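> What follows is query09.pdb, made up of PDB, C-alpha atoms:
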```
ATOM      1  CA  MET A 645     -18.357 -17.536   1.147
ATOM      2  CA  SER A 646     -14.692 -17.041   0.373
ATOM      3  CA  GLN A 647     -12.399 -15.311   2.804
ATOM      4  CA  VAL A 648     -11.213 -11.892   1.710
ATOM      5  CA  LYS A 649      -7.602 -11.891   0.534
ATOM      6  CA  ARG A 650      -5.605  -8.679   0.635
ATOM      7  CA  TYR A 651      -2.924  -7.677  -1.841
ATOM      8  CA  GLY A 652      -0.204  -5.010  -1.776
ATOM      9  CA  MET A 653       1.625  -4.330  -5.023
ATOM     10  CA  VAL A 654       4.180  -1.894  -6.390
ATOM     11  CA  ILE A 655       5.234  -0.543  -9.787
ATOM     12  CA  ARG A 656       7.106   2.505 -11.088
ATOM     13  CA  VAL A 657       5.407   5.294 -13.001
ATOM     14  CA  LYS A 658       7.433   7.185 -15.624
ATOM     15  CA  GLU A 659       8.114  10.688 -14.301
ATOM     16  CA  GLU A 660       7.151  12.338 -17.598
ATOM     17  CA  ARG A 661       3.796  10.530 -17.593
ATOM     18  CA  ILE A 662       2.712  11.027 -13.979
ATOM     19  CA  GLU A 663       0.162  13.712 -14.824
ATOM     20  CA  GLU A 664      -1.260  11.593 -17.648
ATOM     21  CA  TYR A 665      -1.533   8.584 -15.317
ATOM     22  CA  LYS A 666      -3.178  10.632 -12.550
ATOM     23  CA  LYS A 667      -5.692  11.990 -15.036
ATOM     24  CA  LEU A 668      -6.476   8.482 -16.305
ATOM     25  CA  GLN A 669      -7.046   7.247 -12.756
ATOM     26  CA  ALA A 670      -9.103  10.305 -11.775
ATOM     27  CA  ASP A 671     -11.354   9.885 -14.805
ATOM     28  CA  VAL A 672     -11.951   6.143 -14.573
ATOM     29  CA  GLY A 673     -15.449   5.615 -15.939
ATOM     30  CA  PRO A 674     -18.283   3.345 -14.847
ATOM     31  CA  ASP A 675     -17.238   0.629 -17.345
ATOM     32  CA  ILE A 676     -13.819   0.245 -15.762
ATOM     33  CA  LEU A 677     -15.277   0.343 -12.246
ATOM     34  CA  LYS A 678     -17.749  -2.376 -13.235
ATOM     35  CA  MET A 679     -14.867  -4.389 -14.688
ATOM     36  CA  ILE A 680     -12.915  -4.120 -11.438
ATOM     37  CA  LYS A 681     -15.944  -5.365  -9.483
ATOM     38  CA  GLY A 682     -16.260  -8.201 -12.012
ATOM     39  CA  TRP A 683     -12.687  -9.204 -11.161
ATOM     40  CA  ASN A 684     -13.877  -9.779  -7.570
ATOM     41  CA  ILE A 685     -11.819  -6.805  -6.428
ATOM     42  CA  ARG A 686     -13.025  -4.218  -3.925
ATOM     43  CA  ASN A 687     -11.592  -1.433  -1.766
ATOM     44  CA  TYR A 688      -8.881  -0.763  -4.328
ATOM     45  CA  SER A 689      -6.536   2.190  -3.736
ATOM     46  CA  ILE A 690      -3.391   3.401  -5.503
ATOM     47  CA  TYR A 691      -0.831   5.709  -3.881
ATOM     48  CA  LEU A 692       1.981   7.705  -5.492
ATOM     49  CA  GLY A 693       5.293   8.680  -3.942
ATOM     50  CA  GLU A 694       8.858   9.597  -4.892
ATOM     51  CA  LEU A 695      11.564   7.466  -3.321
ATOM     52  CA  GLU A 696      15.211   8.324  -2.758
ATOM     53  CA  ASP A 697      16.368   6.806  -6.042
ATOM     54  CA  GLY A 698      14.553   9.733  -7.702
ATOM     55  CA  GLN A 699      11.967   7.387  -9.176
ATOM     56  CA  PHE A 700       8.225   7.609  -8.694
ATOM     57  CA  TYR A 701       6.390   4.567  -7.400
ATOM     58  CA  LEU A 702       2.792   3.475  -7.210
ATOM     59  CA  PHE A 703       1.652   1.253  -4.358
ATOM     60  CA  SER A 704      -1.693  -0.470  -4.631
ATOM     61  CA  TYR A 705      -3.877  -2.137  -2.050
ATOM     62  CA  PHE A 706      -6.991  -4.147  -2.794
ATOM     63  CA  GLU A 707      -9.182  -6.894  -1.427
ATOM     64  CA  TYR A 708      -9.994  -9.950  -3.495
ATOM     65  CA  LEU A 709     -13.246 -11.796  -2.899
ATOM     66  CA  GLY A 710     -12.836 -14.710  -5.306
ATOM     67  CA  ASP A 711     -11.466 -18.192  -4.808
ATOM     68  CA  ASP A 712      -8.572 -18.289  -7.267
ATOM     69  CA  PHE A 713      -6.704 -15.065  -7.923
ATOM     70  CA  ASP A 714      -4.295 -16.565 -10.470
ATOM     71  CA  ALA A 715      -7.175 -17.985 -12.488
ATOM     72  CA  ASP A 716      -9.055 -14.648 -12.310
ATOM     73  CA  LEU A 717      -5.875 -12.840 -13.385
ATOM     74  CA  LYS A 718      -5.651 -15.066 -16.460
ATOM     75  CA  LYS A 719      -9.299 -14.307 -17.250
ATOM     76  CA  MET A 720      -8.619 -10.551 -16.908
ATOM     77  CA  ALA A 721      -5.606 -10.801 -19.213
ATOM     78  CA  ALA A 722      -7.726 -12.591 -21.847
ATOM     79  CA  ASP A 723     -10.623 -10.119 -21.675
ATOM     80  CA  PRO A 724     -10.630  -7.557 -24.538
ATOM     81  CA  GLU A 725     -12.115  -4.756 -22.365
ATOM     82  CA  THR A 726      -9.430  -5.273 -19.741
ATOM     83  CA  GLN A 727      -6.754  -5.350 -22.416
ATOM     84  CA  LYS A 728      -8.019  -2.042 -23.784
ATOM     85  CA  TRP A 729      -7.723  -0.451 -20.338
ATOM     86  CA  TRP A 730      -4.287  -1.926 -19.712
ATOM     87  CA  ASP A 731      -3.112  -0.711 -23.136
ATOM     88  CA  VAL A 732      -3.945   2.830 -22.028
ATOM     89  CA  CYS A 733      -2.293   2.574 -18.584
ATOM     90  CA  MET A 734       0.685   0.341 -19.371
ATOM     91  CA  PRO A 735       2.753   2.929 -21.342
ATOM     92  CA  CYS A 736       2.799   5.166 -18.226
ATOM     93  CA  LEU A 737       4.256   2.415 -16.062
ATOM     94  CA  ARG A 738       7.578   0.629 -15.695
ATOM     95  CA  PRO A 739       7.462  -2.753 -13.949
ATOM     96  CA  ILE A 740      10.043  -3.615 -11.312
ATOM     97  CA  VAL A 741      12.577  -6.227 -12.427
ATOM     98  CA  PHE A 742      11.987  -8.367  -9.326
ATOM     99  CA  LYS A 743       8.346  -9.007 -10.238
ATOM    100  CA  ALA A 744       7.415 -12.631 -10.825
ATOM    101  CA  GLU A 745       6.978 -14.078 -14.310
ATOM    102  CA  GLY A 746       3.596 -13.003 -15.679
ATOM    103  CA  GLU A 747       3.169 -10.208 -13.114
ATOM    104  CA  TRP A 748       2.831  -6.588 -14.116
ATOM    105  CA  TRP A 749       2.692  -4.974 -10.701
ATOM    106  CA  MET A 750       5.082  -6.697  -8.222
ATOM    107  CA  ASN A 751       3.267  -8.561  -5.472
ATOM    108  CA  MET A 752       4.592  -7.736  -1.991
ATOM    109  CA  GLU A 753       4.657  -9.864   1.135
ATOM    110  CA  GLU A 754       2.094  -9.098   3.868
ATOM    111  CA  VAL A 755       3.983  -8.805   7.172
ATOM    112  CA  PHE A 756       1.175  -7.386   9.317
ATOM    113  CA  HIS A 757      -2.570  -7.151   9.365
ATOM    114  CA  CYS A 758      -5.052  -6.000  11.943
ATOM    115  CA  GLU A 759      -8.806  -5.803  11.263
TER     116      GLU A 759
ATOM    117  CA  MET B 354     -20.336   9.500  11.967
ATOM    118  CA  SER B 355     -17.024  10.461  10.362
ATOM    119  CA  GLN B 356     -16.161   9.409   6.867
ATOM    120  CA  VAL B 357     -13.421   6.794   6.615
ATOM    121  CA  LYS B 358     -10.108   8.236   5.454
ATOM    122  CA  ARG B 359      -7.555   5.965   3.810
ATOM    123  CA  TYR B 360      -3.794   6.300   4.147
ATOM    124  CA  GLY B 361      -0.911   4.782   2.184
ATOM    125  CA  MET B 362       2.561   5.221   3.651
ATOM    126  CA  VAL B 363       6.077   4.022   2.910
ATOM    127  CA  ILE B 364       9.315   3.545   4.850
ATOM    128  CA  ARG B 365      12.506   1.530   4.432
ATOM    129  CA  VAL B 366      13.386  -1.421   6.628
ATOM    130  CA  LYS B 367      17.075  -2.148   7.329
ATOM    131  CA  GLU B 368      18.031  -5.298   5.446
ATOM    132  CA  GLU B 369      19.856  -6.773   8.456
ATOM    133  CA  ARG B 370      16.765  -6.282  10.628
ATOM    134  CA  ILE B 371      14.044  -7.567   8.302
ATOM    135  CA  GLU B 372      13.642 -10.871  10.157
ATOM    136  CA  GLU B 373      13.493  -9.068  13.501
ATOM    137  CA  TYR B 374      10.865  -6.668  12.162
ATOM    138  CA  LYS B 375       8.777  -9.469  10.649
ATOM    139  CA  LYS B 376       8.878 -11.347  13.944
ATOM    140  CA  LEU B 377       7.805  -8.211  15.851
ATOM    141  CA  GLN B 378       4.870  -7.699  13.506
ATOM    142  CA  ALA B 379       3.890 -11.385  13.546
ATOM    143  CA  ASP B 380       3.866 -11.421  17.354
ATOM    144  CA  VAL B 381       1.970  -8.198  17.954
ATOM    145  CA  GLY B 382       0.033  -8.793  21.167
ATOM    146  CA  PRO B 383      -3.493  -7.822  22.205
ATOM    147  CA  ASP B 384      -2.249  -4.643  23.938
ATOM    148  CA  ILE B 385      -0.808  -3.275  20.704
ATOM    149  CA  LEU B 386      -3.894  -4.297  18.731
ATOM    150  CA  LYS B 387      -6.082  -2.547  21.290
ATOM    151  CA  MET B 388      -3.856   0.514  21.041
ATOM    152  CA  ILE B 389      -4.239   0.580  17.225
ATOM    153  CA  LYS B 390      -8.039   0.438  17.592
ATOM    154  CA  GLY B 391      -7.791   3.238  20.142
ATOM    155  CA  TRP B 392      -6.032   5.352  17.518
ATOM    156  CA  ASN B 393      -9.202   5.026  15.393
ATOM    157  CA  ILE B 394      -7.308   2.850  12.892
ATOM    158  CA  ARG B 395      -8.742  -0.258  11.276
ATOM    159  CA  ASN B 396      -7.971  -2.594   8.360
ATOM    160  CA  TYR B 397      -4.254  -1.945   8.779
ATOM    161  CA  SER B 398      -1.838  -3.924   6.589
ATOM    162  CA  ILE B 399       1.920  -3.717   6.024
ATOM    163  CA  TYR B 400       3.664  -5.131   2.939
ATOM    164  CA  LEU B 401       7.368  -5.784   2.343
ATOM    165  CA  GLY B 402       9.219  -5.701  -0.964
ATOM    166  CA  GLU B 403      12.708  -5.150  -2.386
ATOM    167  CA  LEU B 404      12.997  -2.406  -4.976
ATOM    168  CA  GLU B 405      15.623  -1.952  -7.668
ATOM    169  CA  ASP B 406      17.859   0.253  -5.543
ATOM    170  CA  GLY B 407      18.545  -2.897  -3.488
ATOM    171  CA  GLN B 408      16.679  -1.474  -0.511
ATOM    172  CA  PHE B 409      13.747  -3.061   1.261
ATOM    173  CA  TYR B 410      10.572  -1.067   1.651
ATOM    174  CA  LEU B 411       7.441  -1.352   3.749
ATOM    175  CA  PHE B 412       4.171  -0.096   2.368
ATOM    176  CA  SER B 413       1.310   0.377   4.807
ATOM    177  CA  TYR B 414      -2.383   0.855   4.182
ATOM    178  CA  PHE B 415      -4.949   1.681   6.836
ATOM    179  CA  GLU B 416      -8.327   3.292   7.346
ATOM    180  CA  TYR B 417      -8.820   6.079   9.857
ATOM    181  CA  LEU B 418     -12.182   6.553  11.514
ATOM    182  CA  GLY B 419     -11.522   9.681  13.561
ATOM    183  CA  ASP B 420     -12.055  13.347  12.763
ATOM    184  CA  ASP B 421      -8.552  14.755  13.079
ATOM    185  CA  PHE B 422      -5.643  12.519  12.117
ATOM    186  CA  ASP B 423      -2.930  15.076  12.939
ATOM    187  CA  ALA B 424      -4.366  15.596  16.417
ATOM    188  CA  ASP B 425      -4.645  11.819  16.962
ATOM    189  CA  LEU B 426      -1.060  11.410  15.742
ATOM    190  CA  LYS B 427       0.098  13.921  18.357
ATOM    191  CA  LYS B 428      -1.822  11.998  21.017
ATOM    192  CA  MET B 429      -0.203   8.730  19.895
ATOM    193  CA  ALA B 430       3.253  10.309  20.012
ATOM    194  CA  ALA B 431       2.628  11.521  23.584
ATOM    195  CA  ASP B 432       1.295   8.169  24.834
ATOM    196  CA  PRO B 433       3.878   6.134  26.833
ATOM    197  CA  GLU B 434       2.522   2.748  25.624
ATOM    198  CA  THR B 435       2.751   3.874  21.995
ATOM    199  CA  GLN B 436       6.236   5.228  22.597
ATOM    200  CA  LYS B 437       7.291   1.868  24.036
ATOM    201  CA  TRP B 438       6.063   0.079  20.888
ATOM    202  CA  TRP B 439       7.676   2.614  18.565
ATOM    203  CA  ASP B 440      10.962   2.309  20.478
ATOM    204  CA  VAL B 441      10.979  -1.409  19.620
ATOM    205  CA  CYS B 442      10.073  -0.980  15.927
ATOM    206  CA  MET B 443      11.904   2.236  15.098
ATOM    207  CA  PRO B 444      15.482   0.839  15.156
ATOM    208  CA  CYS B 445      14.501  -1.592  12.358
ATOM    209  CA  LEU B 446      13.320   1.214  10.118
ATOM    210  CA  ARG B 447      14.893   4.007   8.088
ATOM    211  CA  PRO B 448      12.595   6.892   7.160
ATOM    212  CA  ILE B 449      12.629   8.292   3.635
ATOM    213  CA  VAL B 450      14.195  11.749   3.361
ATOM    214  CA  PHE B 451      11.203  13.154   1.486
ATOM    215  CA  LYS B 452       8.855  12.548   4.422
ATOM    216  CA  ALA B 453       7.231  15.661   5.872
ATOM    217  CA  GLU B 454       8.422  17.264   9.115
ATOM    218  CA  GLY B 455       7.157  15.216  12.057
ATOM    219  CA  GLU B 456       6.352  12.167   9.928
ATOM    220  CA  TRP B 457       7.985   8.807  10.462
ATOM    221  CA  TRP B 458       6.436   6.857   7.613
ATOM    222  CA  MET B 459       6.120   9.009   4.462
ATOM    223  CA  ASN B 460       2.519   9.794   3.578
ATOM    224  CA  MET B 461       1.728   9.131  -0.091
ATOM    225  CA  GLU B 462      -0.800  10.716  -2.428
ATOM    226  CA  GLU B 463      -3.944   8.720  -3.232
ATOM    227  CA  VAL B 464      -4.380   8.706  -7.023
ATOM    228  CA  PHE B 465      -7.167   6.138  -7.282
ATOM    229  CA  HIS B 466      -9.851   4.592  -5.151
ATOM    230  CA  CYS B 467     -12.760   2.318  -5.915
ATOM    231  CA  GLU B 468     -15.035   0.902  -3.210
TER     232      GLU B 468
END
```
Will you turn the file into structure tokens for me?


Amino acid sequence: MSQVKRYGMVIRVKEERIEEYKKLQADVGPDILKMIKGWNIRNYSIYLGELEDGQFYLFSYFEYLGDDFDADLKKMAADPETQKWWDVCMPCLRPIVFKAEGEWWMNMEEVFHCE
Amino acid sequence: MSQVKRYGMVIRVKEERIEEYKKLQADVGPDILKMIKGWNIRNYSIYLGELEDGQFYLFSYFEYLGDDFDADLKKMAADPETQKWWDVCMPCLRPIVFKAEGEWWMNMEEVFHCE
């Protein structure tokens, strides 16, 4: 069995689309939840907060159970159902310029973990 | 048994003290880990990232197993061992002005969760 890998990521949400984004996330249906499980992702949470630059940020935390996250990410990006979901969410979001090539949410560095 | 409650929090870390903070977190000893468990906290992770305002942020995620987080937080704040640990970490950090009264890390709003 693979070891669980944890991820922390960040992105901005457009202020004028916060309510729309919150509604989307609150109403996520069983298809999307099944899709997330199929990505080998579990215990996935997203948090919203305003920072001092007056921008609104989303922080996400999830656990990945697969063996190759980059390969799974490529599979997600090629999957029509995933694309449909991303096409709905994406217009609400504004990626951070420091994100790596090919990223959407910016991957952060884990500096502490305790079970 | 209590239901698990999840928390996502954010704070800034002073750029000139990032290495010091990372070292502190990497070298957390068994006493601190035991203390964290004693606070009814588990699966606690901290992530570091630079945002577009040129500031460095820490995002933390943890699960709380107790019944009354505010009461436990007061207990933590009154505990000399906890205070000693906070006194070491605190000078590396810079709280966000929007945090609530009595908070150190700013509590964020959960907008999505999937098991």

> Can you tell me how far CA of Leu404 (chain B) sits from CA of Val741 (chain A), in Å to one decimal?

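For CA of Leu404 (chain B) relative to CA of Val741 (chain A), the distance reads 8.4 Å.
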
> Rank nothing, just name the residue among A:Tyr665, A:Phe756, A:Phe706, A:Tyr651 nearest to chain B, using all atoms listed in the file.

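Result for the nearest residue to chain B: A:Phe756.
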
> As a short mmCIF file (atom, residue, chain, number, x, y, z; two decimals) with C-alpha atoms, in the coordinates of the input, please: the residues near region 443-447 of chain B (cut-off 6 Å, only C-alpha atoms, same-chain neighbours under 5 positions excluded).


```cif
data_model
loop_
_atom_site.label_atom_id
_atom_site.label_comp_id
_atom_site.auth_asym_id
_atom_site.auth_seq_id
_atom_site.Cartn_x
_atom_site.Cartn_y
_atom_site.Cartn_z
CA ARG B 365 12.51 1.53 4.43
CA VAL B 366 13.39 -1.42 6.63
CA LYS B 367 17.08 -2.15 7.33
CA ARG B 370 16.76 -6.28 10.63
#
```

> With all atoms listed in the file as the counted atoms, please give the residues lying no more than 12 Å from Lys667 (chain A), apart from itself and same-chain residues fewer than 4 positions off, as number ranges by chain.

A: 661-663, 671-673, 732-733, 736; B: 464-465

> Those residues with C-alpha atoms, as an mmCIF file, in the frame of the given file please?


```
data_model
loop_
_atom_site.group_PDB
_atom_site.id
_atom_site.type_symbol
_atom_site.label_atom_id
_atom_site.label_comp_id
_atom_site.auth_asym_id
_atom_site.auth_seq_id
_atom_site.Cartn_x
_atom_site.Cartn_y
_atom_site.Cartn_z
ATOM 1 C CA ARG A 661 3.796 10.530 -17.593
ATOM 2 C CA ILE A 662 2.712 11.027 -13.979
ATOM 3 C CA GLU A 663 0.162 13.712 -14.824
ATOM 4 C CA ASP A 671 -11.354 9.885 -14.805
ATOM 5 C CA VAL A 672 -11.951 6.143 -14.573
ATOM 6 C CA GLY A 673 -15.449 5.615 -15.939
ATOM 7 C CA VAL A 732 -3.945 2.830 -22.028
ATOM 8 C CA CYS A 733 -2.293 2.574 -18.584
ATOM 9 C CA CYS A 736 2.799 5.166 -18.226
ATOM 10 C CA VAL B 464 -4.380 8.706 -7.023
ATOM 11 C CA PHE B 465 -7.167 6.138 -7.282
#
```

> Any chance you could resolve the ChimeraX specification (/B :<6) & /A against this file and give the residues as a list in words?

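Given this file, the ChimeraX specification (/B :<6) & /A evaluates to Lys666, Gln669, Arg686, Asn687, Tyr688, Ser689, Ile690, Tyr691, Leu692, Gly693, Met752, Glu753, Glu754, Val755, Phe756, His757, Cys758 and Glu759 of chain A.
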
> For CA of Gln647 (chain A) and CA of Trp729 (chain A), determine how far apart the two atoms are, in Å to one decimal place.

27.9 Å

> How far is it from CA of Phe700 (chain A) to CA of Glu659 (chain A), in Å with one decimal?

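Value for the CA of Phe700 (chain A)-CA of Glu659 (chain A) distance: 6.4 Å.
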
> Can region 433-452 of chain B be brought up to N, CA and C atoms and written out as an mmCIF file, in the coordinates of the input?


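Generated output (part.cif):
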```
data_model
loop_
_atom_site.group_PDB
_atom_site.id
_atom_site.type_symbol
_atom_site.label_atom_id
_atom_site.label_comp_id
_atom_site.auth_asym_id
_atom_site.auth_seq_id
_atom_site.Cartn_x
_atom_site.Cartn_y
_atom_site.Cartn_z
ATOM 1 N N PRO B 433 2.726 6.972 26.451
ATOM 2 C CA PRO B 433 3.878 6.134 26.833
ATOM 3 C C PRO B 433 3.826 4.715 26.256
ATOM 4 N N GLU B 434 2.627 4.112 26.163
ATOM 5 C CA GLU B 434 2.522 2.748 25.624
ATOM 6 C C GLU B 434 2.894 2.732 24.137
ATOM 7 N N THR B 435 2.422 3.751 23.420
ATOM 8 C CA THR B 435 2.751 3.874 21.995
ATOM 9 C C THR B 435 4.250 4.078 21.826
ATOM 10 N N GLN B 436 4.798 4.953 22.665
ATOM 11 C CA GLN B 436 6.236 5.228 22.597
ATOM 12 C C GLN B 436 7.046 3.959 22.791
ATOM 13 N N LYS B 437 6.582 3.114 23.745
ATOM 14 C CA LYS B 437 7.291 1.868 24.036
ATOM 15 C C LYS B 437 7.311 0.970 22.798
ATOM 16 N N TRP B 438 6.165 0.903 22.096
ATOM 17 C CA TRP B 438 6.063 0.079 20.888
ATOM 18 C C TRP B 438 6.932 0.651 19.761
ATOM 19 N N TRP B 439 6.868 1.974 19.606
ATOM 20 C CA TRP B 439 7.676 2.614 18.565
ATOM 21 C C TRP B 439 9.177 2.434 18.843
ATOM 22 N N ASP B 440 9.540 2.475 20.122
ATOM 23 C CA ASP B 440 10.962 2.309 20.478
ATOM 24 C C ASP B 440 11.483 0.934 20.080
ATOM 25 N N VAL B 441 10.590 -0.057 20.017
ATOM 26 C CA VAL B 441 10.979 -1.409 19.620
ATOM 27 C C VAL B 441 11.088 -1.495 18.086
ATOM 28 N N CYS B 442 10.128 -0.878 17.403
ATOM 29 C CA CYS B 442 10.073 -0.980 15.927
ATOM 30 C C CYS B 442 11.067 -0.045 15.232
ATOM 31 N N MET B 443 11.143 1.155 15.744
ATOM 32 C CA MET B 443 11.904 2.236 15.098
ATOM 33 C C MET B 443 13.326 1.836 14.685
ATOM 34 N N PRO B 444 14.092 1.146 15.547
ATOM 35 C CA PRO B 444 15.482 0.839 15.156
ATOM 36 C C PRO B 444 15.589 -0.073 13.928
ATOM 37 N N CYS B 445 14.487 -0.736 13.555
ATOM 38 C CA CYS B 445 14.501 -1.592 12.358
ATOM 39 C C CYS B 445 14.280 -0.780 11.091
ATOM 40 N N LEU B 446 13.820 0.443 11.257
ATOM 41 C CA LEU B 446 13.320 1.214 10.118
ATOM 42 C C LEU B 446 14.233 2.385 9.782
ATOM 43 N N ARG B 447 14.089 2.878 8.553
ATOM 44 C CA ARG B 447 14.893 4.007 8.088
ATOM 45 C C ARG B 447 13.969 4.904 7.273
ATOM 46 N N PRO B 448 13.551 6.031 7.862
ATOM 47 C CA PRO B 448 12.595 6.892 7.160
ATOM 48 C C PRO B 448 13.169 7.434 5.845
ATOM 49 N N ILE B 449 12.280 7.751 4.950
ATOM 50 C CA ILE B 449 12.629 8.292 3.635
ATOM 51 C C ILE B 449 12.813 9.788 3.764
ATOM 52 N N VAL B 450 13.871 10.331 3.157
ATOM 53 C CA VAL B 450 14.195 11.749 3.361
ATOM 54 C C VAL B 450 13.079 12.692 2.920
ATOM 55 N N PHE B 451 12.249 12.264 1.973
ATOM 56 C CA PHE B 451 11.203 13.154 1.486
ATOM 57 C C PHE B 451 10.001 13.255 2.425
ATOM 58 N N LYS B 452 9.988 12.499 3.499
ATOM 59 C CA LYS B 452 8.855 12.548 4.422
ATOM 60 C C LYS B 452 8.687 13.983 4.954
#
```
